[in-house]
2 protein chains.
Amino acid sequence: MKYGYGVDLGGTTVKMGLFTQAGALTDKWEIPTNTASGGESIPTDIGSSILTNMKKHSLAASDLLGVGIGVPGQVWPDGTADAVNLGWKRFPLLPTLEAVTGLRAVGDNDANTAAMGEYWQGGGKGYGSLLFVTLGTGVGGGIILDGKCLQGAHRAGGEIGHIPVNPDETRVCGCGNRGCLEQYASATGCARLAMEALSATDTPSLLRASQKVDARAVWDAVKAGDALALEIADRFCRILGRGLAAVASTVDPEIIVIGGGVSKAGQILADMTAERYRAYAFNACKDTPIVLASLGNDAGMYGCVANLL
Amino acid sequence: MKYGYGVDLGGTTVKMGLFTQAGALTDKWEIPTNTASGGESIPTDIGSSILTNMKKHSLAASDLLGVGIGVPGQVWPDGTADAVNLGWKRFPLLPTLEAVTGLRAVGDNDANTAAMGEYWQGGGKGYGSLLFVTLGTGVGGGIILDGKCLQGAHRAGGEIGHIPVNPDETRVCGCGNRGCLEQYASATGCARLAMEALSATDTPSLLRASQKVDARAVWDAVKAGDALALEIADRFCRILGRGLAAVASTVDPEIIVIGGGVSKAGQILADMTAERYRAYAFNACKDTPIVLASLGNDAGMYGCVANLL
């Protein structure tokens, strides 16, 4: 039995896990992300922490497949990484990790590693291909085909948050375009849809008493049977379903897995999205299952280890 | 130097070609498609024709990589094929072809083989990945990644004609959904956009004198400087560009190749589509080249041989 380290690098903490090659999470801990001096100590911090953990479990380099890391940015074939929030531009991430640990290091974008994690041990386990969509502040995604992440010619593979879904939108998306999926199907988008619905009518709603009208408040109100919240959620799921249908007609994944903060709304989100999806999806793909992610914040660590296999 | 046969099976004729493994088309001919008795003689007809051609060129089985065939339907991993127009349902296509010719036979859907042909020797030659879109009676497509066609879990990979692009559409697409790309960006869709524009206004237009308002008439009028035709073409390219932008945010191909009957409009179609595409595409993919297919009706044959390599 070999082991592997999965490292999910975030802007404030680094989540680290020791896994068996069969996918069992054996140990799990965090260290702070030191962003001082352009994040230059990060690979050394991670490497030292791994060396300490190897000692704790009496693991030798020969027991290990290596270190997989997920980065909020890009990892290039030469092992350098870009990450705006960390101040990295062609930063020698993997070579440094390898030098410090004496282990093989592989890396990828964090949305891709989360997709890979859900494919390997999560909501998509046992399926041959997968679309992972993460509904958070924005909408991200990753596509796994034949066990590999679809990177794309410009590293935009699976960037489904920027599928154009509304030609009539006048507001500008963070990316500079108008009418991107992310403008509606994210936590931010859900809150905006709610604010619009609240100001467009006088319909009574639990949301009018909410201290903060955010995605969680909307879905809590849906579960409490609030009619206006249900309308908002329906609009949200209709747009999301349409975006997923566009991906299905293109990539035709075997399963669609929904993760990210908004997915905490639970099964009702998956069910409503699946129903709207079916109305727009091409016949052959109408029955593609849409399920919730199951690894939560650990998905990235899992995927990092899957990338070592 | 080895050779291969490429066979593009259509509803009325079978286009056949002898290629070198380097991609040179050495001989080319056609035979009629005999659809009598559920198309049962088709593989024998093709096989006999290939045996005759092998004799003509003094080729032995050992000189050949095999026979690749493109089918207006599906070819399954066991070598059987479905093709509604030919009356085939799990028809033993590849085994019969192999038995008759003594050669290895491989097969795929015809839109996929055309994509593969343009990738190997056509508009996408030299690129690492490609989206091929064919604008004919409908809109078809094929996606090539890492030299292989993306089939999809339900064989719907690259079926971009059924991307939902208009949530407000009331008319029903051939597939049963509403607002599919194919309802606008096909030859049929182009003619419909033209009829709508002509009846919506009294603007003078060359199209008003056309015997037949079809896609060709629209693009001919565009080239003649007709203002209304330009408006129609602009709407056509805007919708197509938006659909391609959705694919680019998902698959991120290195190049987009446009073929099919409507692409005979020429470079102006590619240029106008590229301009509209850029307005909707995700930043990383804005400069993805959009070019015309270059192999015309031979693309399928080329792709069939590429599938033998």
# chains A, B, ... in the order shown; residues from 1 in each chain; ligands from 1
call {"tool": "interface_residues", "arguments": {"of": "chain B", "to": "chain A", "cutoff": "9 Å", "atoms": "only C-alpha atoms", "output": "ChimeraX atom specification"}}
result
/B:128-129,141-143,145,150-167,175-180,242-243,245-255,279-285,288
call {"tool": "residues_around", "arguments": {"residues": "Leu193 in chain B", "least_positions_apart": "3", "cutoff": "10 Å", "atoms": "only C-alpha atoms", "output": "NGL selection string"}}
result
:B and (183-185 or 187-190 or 196-198 or 214-215 or 218 or 229 or 231-233 or 235-236)
call {"tool": "write_last_selection", "arguments": {"atoms": "N, CA and C atoms", "output": "mmCIF file, in the first residue's frame"}}
result
data_model
loop_
_atom_site.group_PDB
_atom_site.id
_atom_site.type_symbol
_atom_site.label_atom_id
_atom_site.label_comp_id
_atom_site.auth_asym_id
_atom_site.auth_seq_id
_atom_site.Cartn_x
_atom_site.Cartn_y
_atom_site.Cartn_z
ATOM 1 N N GLN B 183 -31.771 26.131 -34.413
ATOM 2 C CA GLN B 183 -32.955 26.832 -34.909
ATOM 3 C C GLN B 183 -32.598 28.178 -35.557
ATOM 4 N N TYR B 184 -31.353 28.614 -35.380
ATOM 5 C CA TYR B 184 -30.942 29.905 -35.927
ATOM 6 C C TYR B 184 -29.724 29.784 -36.842
ATOM 7 N N ALA B 185 -28.753 28.982 -36.405
ATOM 8 C CA ALA B 185 -27.439 29.017 -37.053
ATOM 9 C C ALA B 185 -27.270 27.938 -38.129
ATOM 10 N N ALA B 187 -28.722 26.402 -42.130
ATOM 11 C CA ALA B 187 -29.240 26.949 -43.388
ATOM 12 C C ALA B 187 -30.733 27.262 -43.224
ATOM 13 N N THR B 188 -31.447 26.340 -42.611
ATOM 14 C CA THR B 188 -32.876 26.516 -42.355
ATOM 15 C C THR B 188 -33.120 27.728 -41.459
ATOM 16 N N GLY B 189 -32.298 27.836 -40.412
ATOM 17 C CA GLY B 189 -32.430 28.946 -39.476
ATOM 18 C C GLY B 189 -32.140 30.270 -40.151
ATOM 19 N N CYS B 190 -31.138 30.290 -41.014
ATOM 20 C CA CYS B 190 -30.757 31.515 -41.723
ATOM 21 C C CYS B 190 -31.927 31.968 -42.606
ATOM 22 N N GLU B 196 -38.280 36.424 -41.486
ATOM 23 C CA GLU B 196 -38.752 37.270 -40.389
ATOM 24 C C GLU B 196 -38.384 38.736 -40.619
ATOM 25 N N ALA B 197 -37.142 38.944 -41.016
ATOM 26 C CA ALA B 197 -36.672 40.317 -41.222
ATOM 27 C C ALA B 197 -37.424 40.966 -42.385
ATOM 28 N N LEU B 198 -37.677 40.188 -43.423
ATOM 29 C CA LEU B 198 -38.378 40.730 -44.595
ATOM 30 C C LEU B 198 -39.818 41.101 -44.265
ATOM 31 N N ASP B 214 -33.028 31.778 -49.326
ATOM 32 C CA ASP B 214 -32.322 30.762 -48.542
ATOM 33 C C ASP B 214 -30.983 31.333 -48.065
ATOM 34 N N ALA B 215 -30.211 30.502 -47.362
ATOM 35 C CA ALA B 215 -28.963 30.991 -46.792
ATOM 36 C C ALA B 215 -28.043 31.549 -47.874
ATOM 37 N N VAL B 218 -29.091 34.988 -48.880
ATOM 38 C CA VAL B 218 -28.746 35.970 -47.840
ATOM 39 C C VAL B 218 -27.281 36.372 -47.967
ATOM 40 N N ALA B 229 -29.778 42.334 -45.620
ATOM 41 C CA ALA B 229 -29.101 41.027 -45.579
ATOM 42 C C ALA B 229 -27.981 41.052 -44.544
ATOM 43 N N GLU B 231 -27.947 42.819 -41.827
ATOM 44 C CA GLU B 231 -28.597 42.706 -40.512
ATOM 45 C C GLU B 231 -28.933 41.253 -40.178
ATOM 46 N N ILE B 232 -29.450 40.549 -41.188
ATOM 47 C CA ILE B 232 -29.809 39.137 -40.992
ATOM 48 C C ILE B 232 -28.552 38.318 -40.687
ATOM 49 N N ALA B 233 -27.520 38.557 -41.492
ATOM 50 C CA ALA B 233 -26.262 37.829 -41.301
ATOM 51 C C ALA B 233 -25.665 38.142 -39.938
ATOM 52 N N ARG B 235 -27.317 38.915 -37.204
ATOM 53 C CA ARG B 235 -28.081 38.182 -36.185
ATOM 54 C C ARG B 235 -27.639 36.722 -36.172
ATOM 55 N N PHE B 236 -27.498 36.153 -37.368
ATOM 56 C CA PHE B 236 -27.051 34.760 -37.528
ATOM 57 C C PHE B 236 -25.698 34.562 -36.833
#
call {"tool": "residues_around", "arguments": {"residues": "Gly17 in chain B", "least_positions_apart": "4", "cutoff": "9 Å", "atoms": "only C-alpha atoms", "output": "list in words"}}
result
Gly4, Tyr5, Gly6, Val7, Asp8, Leu25, Thr26, Asp27, Lys28, Trp29, Glu30, Asp298, Met301 and Tyr302 of chain B
call {"tool": "write_last_selection", "arguments": {"atoms": "N, CA and C atoms", "output": "short mmCIF file (atom, residue, chain, number, x, y, z; two decimals), in the first residue's frame"}}
result
data_model
loop_
_atom_site.label_atom_id
_atom_site.label_comp_id
_atom_site.auth_asym_id
_atom_site.auth_seq_id
_atom_site.Cartn_x
_atom_site.Cartn_y
_atom_site.Cartn_z
N GLY B 4 -4.69 3.51 -46.45
CA GLY B 4 -5.95 3.24 -45.77
C GLY B 4 -7.12 3.66 -46.63
N TYR B 5 -8.25 3.01 -46.44
CA TYR B 5 -9.47 3.40 -47.15
C TYR B 5 -10.36 4.22 -46.23
N GLY B 6 -10.86 5.32 -46.77
CA GLY B 6 -11.82 6.14 -46.05
C GLY B 6 -13.17 6.05 -46.76
N VAL B 7 -14.22 5.77 -46.01
CA VAL B 7 -15.54 5.54 -46.60
C VAL B 7 -16.56 6.42 -45.91
N ASP B 8 -17.15 7.34 -46.68
CA ASP B 8 -18.16 8.23 -46.12
C ASP B 8 -19.52 7.76 -46.62
N LEU B 25 -4.61 11.94 -50.61
CA LEU B 25 -5.74 11.27 -51.26
C LEU B 25 -5.25 10.80 -52.63
N THR B 26 -5.20 9.47 -52.81
CA THR B 26 -4.54 8.86 -53.96
C THR B 26 -5.55 8.44 -55.02
N ASP B 27 -6.74 8.07 -54.57
CA ASP B 27 -7.79 7.66 -55.51
C ASP B 27 -9.12 7.94 -54.82
N LYS B 28 -10.15 8.21 -55.63
CA LYS B 28 -11.43 8.64 -55.06
C LYS B 28 -12.55 8.23 -55.99
N TRP B 29 -13.58 7.64 -55.45
CA TRP B 29 -14.71 7.25 -56.30
C TRP B 29 -15.97 7.12 -55.45
N GLU B 30 -17.08 6.90 -56.13
CA GLU B 30 -18.35 6.76 -55.42
C GLU B 30 -19.11 5.53 -55.90
N ASP B 298 -14.97 16.03 -48.69
CA ASP B 298 -14.01 14.95 -48.48
C ASP B 298 -13.61 14.79 -47.01
N MET B 301 -14.10 11.35 -45.35
CA MET B 301 -13.17 10.30 -45.79
C MET B 301 -11.81 10.44 -45.11
N TYR B 302 -11.33 11.68 -45.07
CA TYR B 302 -10.04 11.92 -44.41
C TYR B 302 -10.10 11.45 -42.94
#
call {"tool": "residues_around", "arguments": {"residues": "range 261-275 of chain A", "least_positions_apart": "4", "cutoff": "6 Å", "atoms": "only C-alpha atoms", "output": "list in words"}}
result
Leu135, Gly136, Ala187, Trp219, Cys237, Gly241, Ile290 and Val291 of chain A
call {"tool": "write_last_selection", "arguments": {"atoms": "N, CA and C atoms", "output": "short mmCIF file (atom, residue, chain, number, x, y, z; two decimals), in the first residue's frame"}}
result
data_model
loop_
_atom_site.label_atom_id
_atom_site.label_comp_id
_atom_site.auth_asym_id
_atom_site.auth_seq_id
_atom_site.Cartn_x
_atom_site.Cartn_y
_atom_site.Cartn_z
N LEU A 135 -20.72 26.17 -7.02
CA LEU A 135 -21.52 27.38 -6.88
C LEU A 135 -21.09 28.10 -5.61
N GLY A 136 -20.21 29.06 -5.77
CA GLY A 136 -19.72 29.82 -4.62
C GLY A 136 -19.93 31.30 -4.90
N ALA A 187 -23.61 32.31 -5.51
CA ALA A 187 -24.20 32.83 -4.28
C ALA A 187 -24.55 34.30 -4.47
N TRP A 219 -32.63 29.84 0.30
CA TRP A 219 -32.91 28.40 0.34
C TRP A 219 -33.55 27.97 1.65
N CYS A 237 -32.45 28.01 -10.62
CA CYS A 237 -32.25 26.64 -11.13
C CYS A 237 -32.52 26.55 -12.62
N GLY A 241 -29.75 25.21 -14.90
CA GLY A 241 -30.11 24.04 -15.70
C GLY A 241 -29.83 24.26 -17.17
N ILE A 290 -27.87 14.44 -11.85
CA ILE A 290 -27.32 15.65 -11.23
C ILE A 290 -27.34 15.42 -9.73
N VAL A 291 -26.17 15.35 -9.12
CA VAL A 291 -26.10 15.00 -7.70
C VAL A 291 -25.26 16.04 -6.94
#
call {"tool": "closest_residue", "arguments": {"among": "A:Gly138, A:Gly126, A:Gly174, A:Gly47", "to": "Gly66 in chain A", "atoms": "only C-alpha atoms"}}
result
A:Gly47
call {"tool": "atom_distance", "arguments": {"atom1": "CA of Ala227 in chain B", "atom2": "CA of Ala209 in chain B"}}
result
14.5 Å
call {"tool": "select_by_dssp", "arguments": {"residues": "range 40-254 of chain B", "states": "strand (DSSP E or B)", "output": "ChimeraX atom specification"}}
result
/B:64-71,74-75,81-83,88-91,105-109,129-135,139-145,148-149,164,172,178,180
